[in-house]
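Single-structure report; data block below.
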Amino acid sequence: MDALGRHILVEFYNCSPELMNDVVHIENSMVAAAETAGATVINSTFHHFSPYGVSGVVVIQESHLAIHTWPEFGYAAVDLFTCGDSVDPWVSYNYLIEAFKASHGSSMECLRGQQSLLKRTDFTVEARDSGQPVASIPRITRDVWFTERDENIALSLKHSGTQLYKKQSPYQKVEVFETLAYGNMLTLDGMVMCTQKDEYVYHEMITHVPVFSHGNVKRALVIGGGDGGTVRELLRHDSIQEVVLVEIDELVIEACKLHLPETASAFGHPRLNLLVEDGIKYIQDCPDGAFDLIIVDSADPVGPGEGLFTAEFYSQVYRCLTAEGVMITQSESPRFNTDVFVEIYDTYKGIFGQDNVHCYLAAIPTYPTGTWSFSFSSKGNVHPKRFNQEVAAAFSREQGLRYYNEDIHVAAFALPNFVKDLLSSKA
């Protein structure tokens with residue numbers, strides 16, 4: 001061959017959209033395609049982008065294999081570049097067209113570095129003798145990444161390359177990945193819901209703040225929260241007689257029982273009433289004044305969670321609260337979802353009253369921007385800063401809480417000026 005390398009530019013058409021969005025399958029296929037052709041794989045790096053699309057490269061001793069996918073079009077663009085004569089890139093081509101279930105492919109082969117146009121220069125590389133034995137070529141390193149992104153911001157987490165759980169429910173795609181930094185991670189439709197390493201922040205703050213502020217919660221309702229973390233924290237309080245959890249998607253519960261067992265540890269608790277049904281319908285049918293505390297532990301306002309972000313729904317929640325009842329919601333990131341953040345607080349104030357709605361913040365690394373907000377809306381005279389700090393402090397110590405304590409309770413309501421400005425913009 002009168003060239004240093006062979007470069008095949010490949011387009012695969014009518015691929016399986018599901019496979020084109022599966023970073024684990026694509027990474028495994030690309031590595032296998034290289035090895036089947038006889039290449040020596042050095043490392044691989046692959047990213048999945050939310051909601052869809054995968055990019056990645058397999059570095060081989062003989063050059064590389066690279067890919068980017070457009071699942072919505074069933075399309076993949078692939079580069080197969082090999083140096084020398086020892087590896088045939090067409091073997092990789094034939095492997096991938098089957099692995100991606102493509103109806104057909106098109107390709108163009110280029111010879112790279114035509115030797116008739118090059119002049120060889122002999123040179124030596126001098127290196128300091130360390131006296132250490134020469135290291136062998138390391139075993140393949142595989143970097144597979146999950147990326148949640150929009151047009152302006154992204155969060156990437158490296159995972160093991162093994163997908164622990166993946167099922168499509170009638171409502172959403174439920175997946176669990178084993179990340180290296182945050183343990184097992186639950187995602188819904190490509191959005192991070194919780195991870196083993198930082199879920200306690202969200203769940204401690206969405207529960208203990210209202211319970212200690214209210215001071216006498218007997219019955220609590222959780223809408224959403226199928227991971228189980230919110231009910232786990234509520235049931236730490238012996239004074240709560242019943243917790244009702246209404247989760248629409250039983251696959252979320254299943255996935256977390258299997259792969260986030262610490263979060264889902266309270267599903268068998270005798271004071272828990274678990275209902276797999278539509279939370280919106282449950283609230284519509286709920287009697288007046290049934291609960292002291294209602295926590296709306298929903299995902300973002302898309303998909304099955306969309307109906308939980310409406311004035312009609314919050315008005316029904318208000319009706320279901322006792323005279324001194326409290327509603328808590330996760331209220332998005334003031335920096336990331338600014339428009340939604342402002343709109344829902346304006347809605348709360350219209351229902352509960354201008355002085356009865358309070359915002360508080362927590363630091364959650366795996367949520368967009370790392371700063372997340374919760375709303376505290378009181379039907380009566382309960383105020384979040386009037387609580388028994390000694391009782392809260394003792395509870396935090398006895399239960400071994402990792403984020404919430406009496407000082408954090410107070411400090412969480414100290415808002416940065418930009419958040420205050422947002423909340424007063426529609427006042």
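Starting from 1 in every chain, residues are counted up; chains themselves are A, B, ... following the order of the structure tokens, and ligands are numbered from 1 as listed.
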
Give me the stretch 194-274 of chain A side of the contact with stretch 358-373 of chain A, cut-off 8 Å, one line per residue showing its nearest atom pair and distance in Å at one decimal, counting only C-alpha atoms, sorted by chain and residue number, as a Markdown table.
| residue | atom | partner | partner_atom | distance |
| --- | --- | --- | --- | --- |
| A:Cys194 | CA | A:Thr366 | CA | 7.7 |
| A:Thr195 | CA | A:Thr366 | CA | 7.8 |
| A:Asp198 | CA | A:Ile364 | CA | 6.8 |
| A:Val201 | CA | A:Ile364 | CA | 6.5 |
| A:Tyr202 | CA | A:Ile364 | CA | 7.0 |
| A:Met205 | CA | A:Ala362 | CA | 7.4 |

Can you write just those residues out, all heavy atoms, as a PDB file, in the first residue's frame?
ATOM      1  N   CYS A 194     -31.596  11.443  40.894  1.00  0.00           N
ATOM      2  CA  CYS A 194     -30.863  11.358  42.150  1.00  0.00           C
ATOM      3  C   CYS A 194     -29.695  10.397  41.996  1.00  0.00           C
ATOM      4  O   CYS A 194     -29.678   9.554  41.099  1.00  0.00           O
ATOM      5  CB  CYS A 194     -31.765  10.913  43.310  1.00  0.00           C
ATOM      6  SG  CYS A 194     -32.423   9.242  43.188  1.00  0.00           S
ATOM      7  N   THR A 195     -28.711  10.544  42.870  1.00  0.00           N
ATOM      8  CA  THR A 195     -27.564   9.651  42.915  1.00  0.00           C
ATOM      9  C   THR A 195     -27.349   9.191  44.351  1.00  0.00           C
ATOM     10  O   THR A 195     -27.779   9.850  45.306  1.00  0.00           O
ATOM     11  CB  THR A 195     -26.271  10.324  42.419  1.00  0.00           C
ATOM     12  OG1 THR A 195     -25.809  11.240  43.421  1.00  0.00           O
ATOM     13  CG2 THR A 195     -26.501  11.064  41.115  1.00  0.00           C
ATOM     14  N   ASP A 198     -25.340  11.944  46.680  1.00  0.00           N
ATOM     15  CA  ASP A 198     -25.830  13.260  47.123  1.00  0.00           C
ATOM     16  C   ASP A 198     -27.343  13.346  47.280  1.00  0.00           C
ATOM     17  O   ASP A 198     -27.881  14.418  47.531  1.00  0.00           O
ATOM     18  CB  ASP A 198     -25.332  14.373  46.203  1.00  0.00           C
ATOM     19  CG  ASP A 198     -25.983  14.365  44.829  1.00  0.00           C
ATOM     20  OD1 ASP A 198     -26.728  13.413  44.513  1.00  0.00           O
ATOM     21  OD2 ASP A 198     -25.745  15.317  44.056  1.00  0.00           O
ATOM     22  N   VAL A 201     -29.102  15.226  50.408  1.00  0.00           N
ATOM     23  CA  VAL A 201     -29.297  16.679  50.500  1.00  0.00           C
ATOM     24  C   VAL A 201     -30.734  17.035  50.139  1.00  0.00           C
ATOM     25  O   VAL A 201     -31.450  17.698  50.912  1.00  0.00           O
ATOM     26  CB  VAL A 201     -28.318  17.428  49.566  1.00  0.00           C
ATOM     27  CG1 VAL A 201     -28.542  18.935  49.689  1.00  0.00           C
ATOM     28  CG2 VAL A 201     -26.881  17.069  49.877  1.00  0.00           C
ATOM     29  N   TYR A 202     -31.163  16.589  48.990  1.00  0.00           N
ATOM     30  CA  TYR A 202     -32.513  16.873  48.519  1.00  0.00           C
ATOM     31  C   TYR A 202     -33.559  16.334  49.483  1.00  0.00           C
ATOM     32  O   TYR A 202     -34.487  17.045  49.896  1.00  0.00           O
ATOM     33  CB  TYR A 202     -32.688  16.245  47.139  1.00  0.00           C
ATOM     34  CG  TYR A 202     -34.054  16.436  46.513  1.00  0.00           C
ATOM     35  CD1 TYR A 202     -34.303  17.502  45.654  1.00  0.00           C
ATOM     36  CD2 TYR A 202     -35.089  15.541  46.769  1.00  0.00           C
ATOM     37  CE1 TYR A 202     -35.558  17.669  45.074  1.00  0.00           C
ATOM     38  CE2 TYR A 202     -36.335  15.696  46.202  1.00  0.00           C
ATOM     39  CZ  TYR A 202     -36.566  16.765  45.348  1.00  0.00           C
ATOM     40  OH  TYR A 202     -37.814  16.925  44.781  1.00  0.00           O
ATOM     41  N   MET A 205     -33.723  18.014  53.017  1.00  0.00           N
ATOM     42  CA  MET A 205     -34.210  19.400  53.006  1.00  0.00           C
ATOM     43  C   MET A 205     -35.682  19.514  52.624  1.00  0.00           C
ATOM     44  O   MET A 205     -36.377  20.421  53.066  1.00  0.00           O
ATOM     45  CB  MET A 205     -33.351  20.241  52.069  1.00  0.00           C
ATOM     46  CG  MET A 205     -31.945  20.468  52.580  1.00  0.00           C
ATOM     47  SD  MET A 205     -31.893  21.301  54.185  1.00  0.00           S
ATOM     48  CE  MET A 205     -32.277  22.985  53.680  1.00  0.00           C
TER      49      MET A 205
END

Do you have, as JSON lines, the list of residues of stretch 143-174 of chain A lying at most 9 Å from stretch 244-253 of chain A, each with its nearest atom pair and that distance in Å to one decimal, counting only C-alpha atoms and ordered by chain then number?
{"residue": "A:Lys167", "atom": "CA", "partner": "A:Leu251", "partner_atom": "CA", "distance": 7.6}
{"residue": "A:Gln168", "atom": "CA", "partner": "A:Leu251", "partner_atom": "CA", "distance": 8.4}
{"residue": "A:Ser169", "atom": "CA", "partner": "A:Leu251", "partner_atom": "CA", "distance": 6.7}
{"residue": "A:Pro170", "atom": "CA", "partner": "A:Asp249", "partner_atom": "CA", "distance": 8.1}
{"residue": "A:Tyr171", "atom": "CA", "partner": "A:Asp249", "partner_atom": "CA", "distance": 7.1}
{"residue": "A:Gln172", "atom": "CA", "partner": "A:Asp249", "partner_atom": "CA", "distance": 8.4}
{"residue": "A:Val174", "atom": "CA", "partner": "A:Val252", "partner_atom": "CA", "distance": 6.5}

Once you have the residues from the selection above, write them out as a PDB file, in the first residue's frame, restricted to C-alpha atoms.
ATOM      1  CA  LYS A 167     -36.892   0.214  30.757  1.00  0.00           C
ATOM      2  CA  GLN A 168     -39.479   2.308  28.951  1.00  0.00           C
ATOM      3  CA  SER A 169     -42.677   2.832  30.947  1.00  0.00           C
ATOM      4  CA  PRO A 170     -45.887   4.314  29.514  1.00  0.00           C
ATOM      5  CA  TYR A 171     -44.661   7.650  30.886  1.00  0.00           C
ATOM      6  CA  GLN A 172     -40.888   7.882  30.524  1.00  0.00           C
ATOM      7  CA  VAL A 174     -36.229   4.877  33.380  1.00  0.00           C
TER       8      VAL A 174
END

Please provide as a VMD selection string all residues within 12 Å of A:Phe395, with the sequence filter that same-chain residues fewer than 5 positions apart are discarded (counting only C-alpha atoms).
chain A and resid 204 208 211 to 212 233 236 to 238 388 to 390 400 to 402 404 to 406

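Here atom CA of A:Ala266 is placed at a distance of 27.4 Å from atom CA of A:Gln316.
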
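Rounded to one decimal, atom CA of A:Phe73 and atom CA of A:Glu11 lie 12.0 Å from each other.
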
Go through stretch 255-318 of chain A residue by residue and, counting only C-alpha atoms, keep those with an atom at most 10 Å from stretch 153-164 of chain A; for each kept residue give the shortest atom pair and its distance in Å to one decimal, ordered by chain and increasing number, as CSV.
residue,atom,partner,partner_atom,distance
A:Ala255,CA,A:Leu164,CA,8.9
A:Leu258,CA,A:Leu164,CA,9.1
A:His259,CA,A:Leu164,CA,7.4

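Pairwise distance (atom CA of A:Ser63, atom CA of A:Phe12) equals 21.0 Å.
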
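Shortest atom-to-atom contact with A:Ala77 among A:Ile60, A:Leu188, A:Ile8, A:Ile42: A:Ile8, counting only C-alpha atoms.
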
Would you give me, as a ChimeraX atom specification, the residues in stretch 69-278 of chain A that DSSP reads as strand (DSSP E)?
/A:69-70,75-83,104-112,141-149,154-168,173-179,183-188,191-195,219-224,242-247,272-276

Would you kindly return, as a list in words, each protein, DNA or RNA residue with an atom no farther than 6 Å from any atom of stretch 317-323 of chain A, considering only C-alpha atoms and excluding same-chain residues fewer than 5 positions away?
Asp288, Gly289, Ala290, Phe291, Asp292 and Gly380 of chain A

Could the residues in this selection be saved with all heavy atoms as an mmCIF file, in the first residue's frame?
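Once written, again38.cif looks like this:
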data_model
loop_
_atom_site.group_PDB
_atom_site.id
_atom_site.type_symbol
_atom_site.label_atom_id
_atom_site.label_comp_id
_atom_site.auth_asym_id
_atom_site.auth_seq_id
_atom_site.Cartn_x
_atom_site.Cartn_y
_atom_site.Cartn_z
ATOM 1 N N ASP A 288 -61.298 17.400 51.740
ATOM 2 C CA ASP A 288 -60.793 18.662 52.269
ATOM 3 C C ASP A 288 -60.055 18.416 53.580
ATOM 4 O O ASP A 288 -60.467 17.580 54.404
ATOM 5 C CB ASP A 288 -61.930 19.645 52.523
ATOM 6 C CG ASP A 288 -62.624 20.087 51.242
ATOM 7 O OD1 ASP A 288 -62.144 19.698 50.161
ATOM 8 O OD2 ASP A 288 -63.639 20.802 51.333
ATOM 9 N N GLY A 289 -58.958 19.166 53.788
ATOM 10 C CA GLY A 289 -58.259 19.146 55.071
ATOM 11 C C GLY A 289 -57.734 17.792 55.496
ATOM 12 O O GLY A 289 -57.704 17.472 56.690
ATOM 13 N N ALA A 290 -57.278 16.969 54.553
ATOM 14 C CA ALA A 290 -56.886 15.596 54.877
ATOM 15 C C ALA A 290 -55.452 15.476 55.387
ATOM 16 O O ALA A 290 -55.128 14.524 56.097
ATOM 17 C CB ALA A 290 -57.065 14.709 53.644
ATOM 18 N N PHE A 291 -54.573 16.421 55.038
ATOM 19 C CA PHE A 291 -53.154 16.266 55.353
ATOM 20 C C PHE A 291 -52.586 17.528 55.995
ATOM 21 O O PHE A 291 -52.925 18.649 55.609
ATOM 22 C CB PHE A 291 -52.361 15.937 54.089
ATOM 23 C CG PHE A 291 -52.690 14.589 53.504
ATOM 24 C CD1 PHE A 291 -53.610 14.474 52.469
ATOM 25 C CD2 PHE A 291 -52.088 13.445 53.997
ATOM 26 C CE1 PHE A 291 -53.917 13.236 51.922
ATOM 27 C CE2 PHE A 291 -52.378 12.203 53.456
ATOM 28 C CZ PHE A 291 -53.300 12.089 52.425
ATOM 29 N N ASP A 292 -51.680 17.294 56.958
ATOM 30 C CA ASP A 292 -50.952 18.406 57.574
ATOM 31 C C ASP A 292 -49.805 18.876 56.680
ATOM 32 O O ASP A 292 -49.416 20.053 56.733
ATOM 33 C CB ASP A 292 -50.373 17.962 58.918
ATOM 34 C CG ASP A 292 -51.433 17.443 59.861
ATOM 35 O OD1 ASP A 292 -52.340 18.215 60.205
ATOM 36 O OD2 ASP A 292 -51.350 16.250 60.228
ATOM 37 N N GLY A 380 -51.875 28.347 56.922
ATOM 38 C CA GLY A 380 -52.243 29.067 58.143
ATOM 39 C C GLY A 380 -51.141 29.999 58.597
ATOM 40 O O GLY A 380 -50.620 30.803 57.819
#

Got a sec: who's within 8 Å of stretch 111-115 of chain A, counting only C-alpha atoms, leaving out chain neighbours fewer than 5 positions off, as an MDAnalysis selection string?
chainID A and resid 2:7

Can you spit out the residues from that selection as a short mmCIF file (atom, residue, chain, number, x, y, z; two decimals), in the first residue's frame, using N, CA and C atoms?
data_model
loop_
_atom_site.label_atom_id
_atom_site.label_comp_id
_atom_site.auth_asym_id
_atom_site.auth_seq_id
_atom_site.Cartn_x
_atom_site.Cartn_y
_atom_site.Cartn_z
N ASP A 2 0.71 2.09 -1.00
CA ASP A 2 1.53 3.29 -1.12
C ASP A 2 0.93 4.43 -0.30
N ALA A 3 0.68 4.16 0.99
CA ALA A 3 0.11 5.18 1.88
C ALA A 3 0.36 4.76 3.32
N LEU A 4 0.37 5.75 4.20
CA LEU A 4 0.57 5.46 5.62
C LEU A 4 -0.68 4.92 6.29
N GLY A 5 -1.85 5.31 5.77
CA GLY A 5 -3.08 4.87 6.42
C GLY A 5 -4.27 4.85 5.49
N ARG A 6 -5.34 4.21 5.96
CA ARG A 6 -6.61 4.14 5.22
C ARG A 6 -7.68 4.80 6.08
N HIS A 7 -8.44 5.67 5.47
CA HIS A 7 -9.45 6.43 6.20
C HIS A 7 -10.79 6.25 5.48
#

Assign secondary structure with DSSP using the backbone only, and return the residues of stretch 74-239 of chain A in alpha helix (DSSP H) as a ChimeraX atom specification.
/A:89-99,199-214,229-234

Preceding selection exported with N, CA, C and O atoms as a CSV table (one decimal), in the first residue's frame:
chain,number,residue,atom,x,y,z
A,89,PRO,N,-10.0,-1.8,7.9
A,89,PRO,CA,-11.1,-1.1,8.4
A,89,PRO,C,-12.5,-1.5,7.9
A,89,PRO,O,-13.5,-1.3,8.5
A,90,TRP,N,-12.5,-2.3,6.8
A,90,TRP,CA,-13.7,-2.7,6.2
A,90,TRP,C,-14.3,-3.9,7.1
A,90,TRP,O,-15.5,-4.1,7.1
A,91,VAL,N,-13.5,-4.5,7.8
A,91,VAL,CA,-14.0,-5.5,8.8
A,91,VAL,C,-14.8,-4.8,9.9
A,91,VAL,O,-15.9,-5.2,10.3
A,92,SER,N,-14.3,-3.6,10.3
A,92,SER,CA,-15.1,-2.8,11.3
A,92,SER,C,-16.4,-2.3,10.7
A,92,SER,O,-17.4,-2.3,11.4
A,93,TYR,N,-16.3,-1.9,9.5
A,93,TYR,CA,-17.5,-1.4,8.8
A,93,TYR,C,-18.6,-2.5,8.8
A,93,TYR,O,-19.8,-2.2,9.1
A,94,ASN,N,-18.2,-3.7,8.4
A,94,ASN,CA,-19.2,-4.8,8.3
A,94,ASN,C,-19.8,-5.1,9.7
A,94,ASN,O,-20.9,-5.5,9.8
A,95,TYR,N,-18.9,-5.0,10.7
A,95,TYR,CA,-19.4,-5.3,12.1
A,95,TYR,C,-20.4,-4.3,12.5
A,95,TYR,O,-21.5,-4.6,13.1
A,96,LEU,N,-20.1,-3.0,12.3
A,96,LEU,CA,-21.0,-1.9,12.8
A,96,LEU,C,-22.3,-1.8,12.1
A,96,LEU,O,-23.3,-1.5,12.7
A,97,ILE,N,-22.4,-2.1,10.8
A,97,ILE,CA,-23.7,-2.1,10.1
A,97,ILE,C,-24.6,-3.1,10.7
A,97,ILE,O,-25.9,-2.8,10.7
A,98,GLU,N,-24.1,-4.2,11.1
A,98,GLU,CA,-25.0,-5.2,11.8
A,98,GLU,C,-25.3,-4.7,13.2
A,98,GLU,O,-26.4,-4.9,13.7
A,99,ALA,N,-24.3,-4.2,13.9
A,99,ALA,CA,-24.5,-3.9,15.3
A,99,ALA,C,-25.5,-2.7,15.5
A,99,ALA,O,-26.3,-2.7,16.5
A,199,GLU,N,-28.1,12.2,47.2
A,199,GLU,CA,-29.5,12.3,47.3
A,199,GLU,C,-30.0,12.8,48.7
A,199,GLU,O,-31.1,13.3,48.8
A,200,TYR,N,-29.2,12.5,49.7
A,200,TYR,CA,-29.6,12.9,51.0
A,200,TYR,C,-29.8,14.4,51.2
A,200,TYR,O,-30.6,14.8,52.0
A,201,VAL,N,-29.1,15.2,50.4
A,201,VAL,CA,-29.3,16.7,50.5
A,201,VAL,C,-30.7,17.0,50.1
A,201,VAL,O,-31.5,17.7,50.9
A,202,TYR,N,-31.2,16.6,49.0
A,202,TYR,CA,-32.5,16.9,48.5
A,202,TYR,C,-33.6,16.3,49.5
A,202,TYR,O,-34.5,17.0,49.9
A,203,HIS,N,-33.4,15.1,49.9
A,203,HIS,CA,-34.5,14.4,50.6
A,203,HIS,C,-34.5,14.9,52.1
A,203,HIS,O,-35.6,15.0,52.7
A,204,GLU,N,-33.4,15.3,52.7
A,204,GLU,CA,-33.4,15.8,54.0
A,204,GLU,C,-34.0,17.2,54.0
A,204,GLU,O,-34.8,17.6,55.0
A,205,MET,N,-33.7,18.0,53.0
A,205,MET,CA,-34.2,19.4,53.0
A,205,MET,C,-35.7,19.5,52.6
A,205,MET,O,-36.4,20.4,53.1
A,206,ILE,N,-36.2,18.6,51.8
A,206,ILE,CA,-37.6,18.7,51.4
A,206,ILE,C,-38.5,18.2,52.5
A,206,ILE,O,-39.7,18.4,52.4
A,207,THR,N,-38.0,17.5,53.5
A,207,THR,CA,-38.8,16.9,54.5
A,207,THR,C,-38.6,17.5,55.9
A,207,THR,O,-39.6,18.0,56.5
A,208,HIS,N,-37.4,17.6,56.4
A,208,HIS,CA,-37.2,18.0,57.8
A,208,HIS,C,-37.5,19.5,58.0
A,208,HIS,O,-38.0,19.9,59.1
A,209,VAL,N,-37.3,20.3,57.0
A,209,VAL,CA,-37.6,21.7,57.2
A,209,VAL,C,-39.1,21.9,57.4
A,209,VAL,O,-39.5,22.6,58.4
A,210,PRO,N,-40.0,21.3,56.7
A,210,PRO,CA,-41.4,21.5,57.0
A,210,PRO,C,-41.9,20.8,58.2
A,210,PRO,O,-42.8,21.3,59.0
A,211,VAL,N,-41.4,19.6,58.5
A,211,VAL,CA,-41.8,18.9,59.7
A,211,VAL,C,-41.5,19.6,61.0
A,211,VAL,O,-42.4,19.8,61.8
A,212,PHE,N,-40.3,20.2,61.1
A,212,PHE,CA,-39.9,20.9,62.3
A,212,PHE,C,-40.6,22.3,62.3
A,212,PHE,O,-40.9,22.8,63.4
A,213,SER,N,-40.8,22.9,61.2
A,213,SER,CA,-41.5,24.2,61.1
A,213,SER,C,-43.0,24.0,61.6
A,213,SER,O,-43.5,24.9,62.3
A,214,HIS,N,-43.6,23.0,61.1
A,214,HIS,CA,-45.0,22.8,61.5
A,214,HIS,C,-45.2,22.4,62.9
A,214,HIS,O,-46.0,22.9,63.7
A,229,GLY,N,-36.7,8.3,48.7
A,229,GLY,CA,-36.0,9.1,49.7
A,229,GLY,C,-36.8,10.0,50.6
A,229,GLY,O,-36.5,10.2,51.8
A,230,THR,N,-37.8,10.6,50.0
A,230,THR,CA,-38.6,11.6,50.8
A,230,THR,C,-39.4,10.8,51.9
A,230,THR,O,-39.5,11.3,53.0
A,231,VAL,N,-40.0,9.7,51.5
A,231,VAL,CA,-40.8,9.0,52.6
A,231,VAL,C,-39.8,8.4,53.6
A,231,VAL,O,-40.1,8.3,54.8
A,232,ARG,N,-38.6,8.0,53.2
A,232,ARG,CA,-37.6,7.5,54.1
A,232,ARG,C,-37.3,8.5,55.2
A,232,ARG,O,-37.3,8.2,56.4
A,233,GLU,N,-37.2,9.8,54.8
A,233,GLU,CA,-36.9,10.8,55.8
A,233,GLU,C,-38.1,11.2,56.6
A,233,GLU,O,-38.0,11.4,57.8
A,234,LEU,N,-39.3,11.2,56.0
A,234,LEU,CA,-40.5,11.5,56.8
A,234,LEU,C,-40.7,10.5,57.9
A,234,LEU,O,-41.1,10.8,59.0
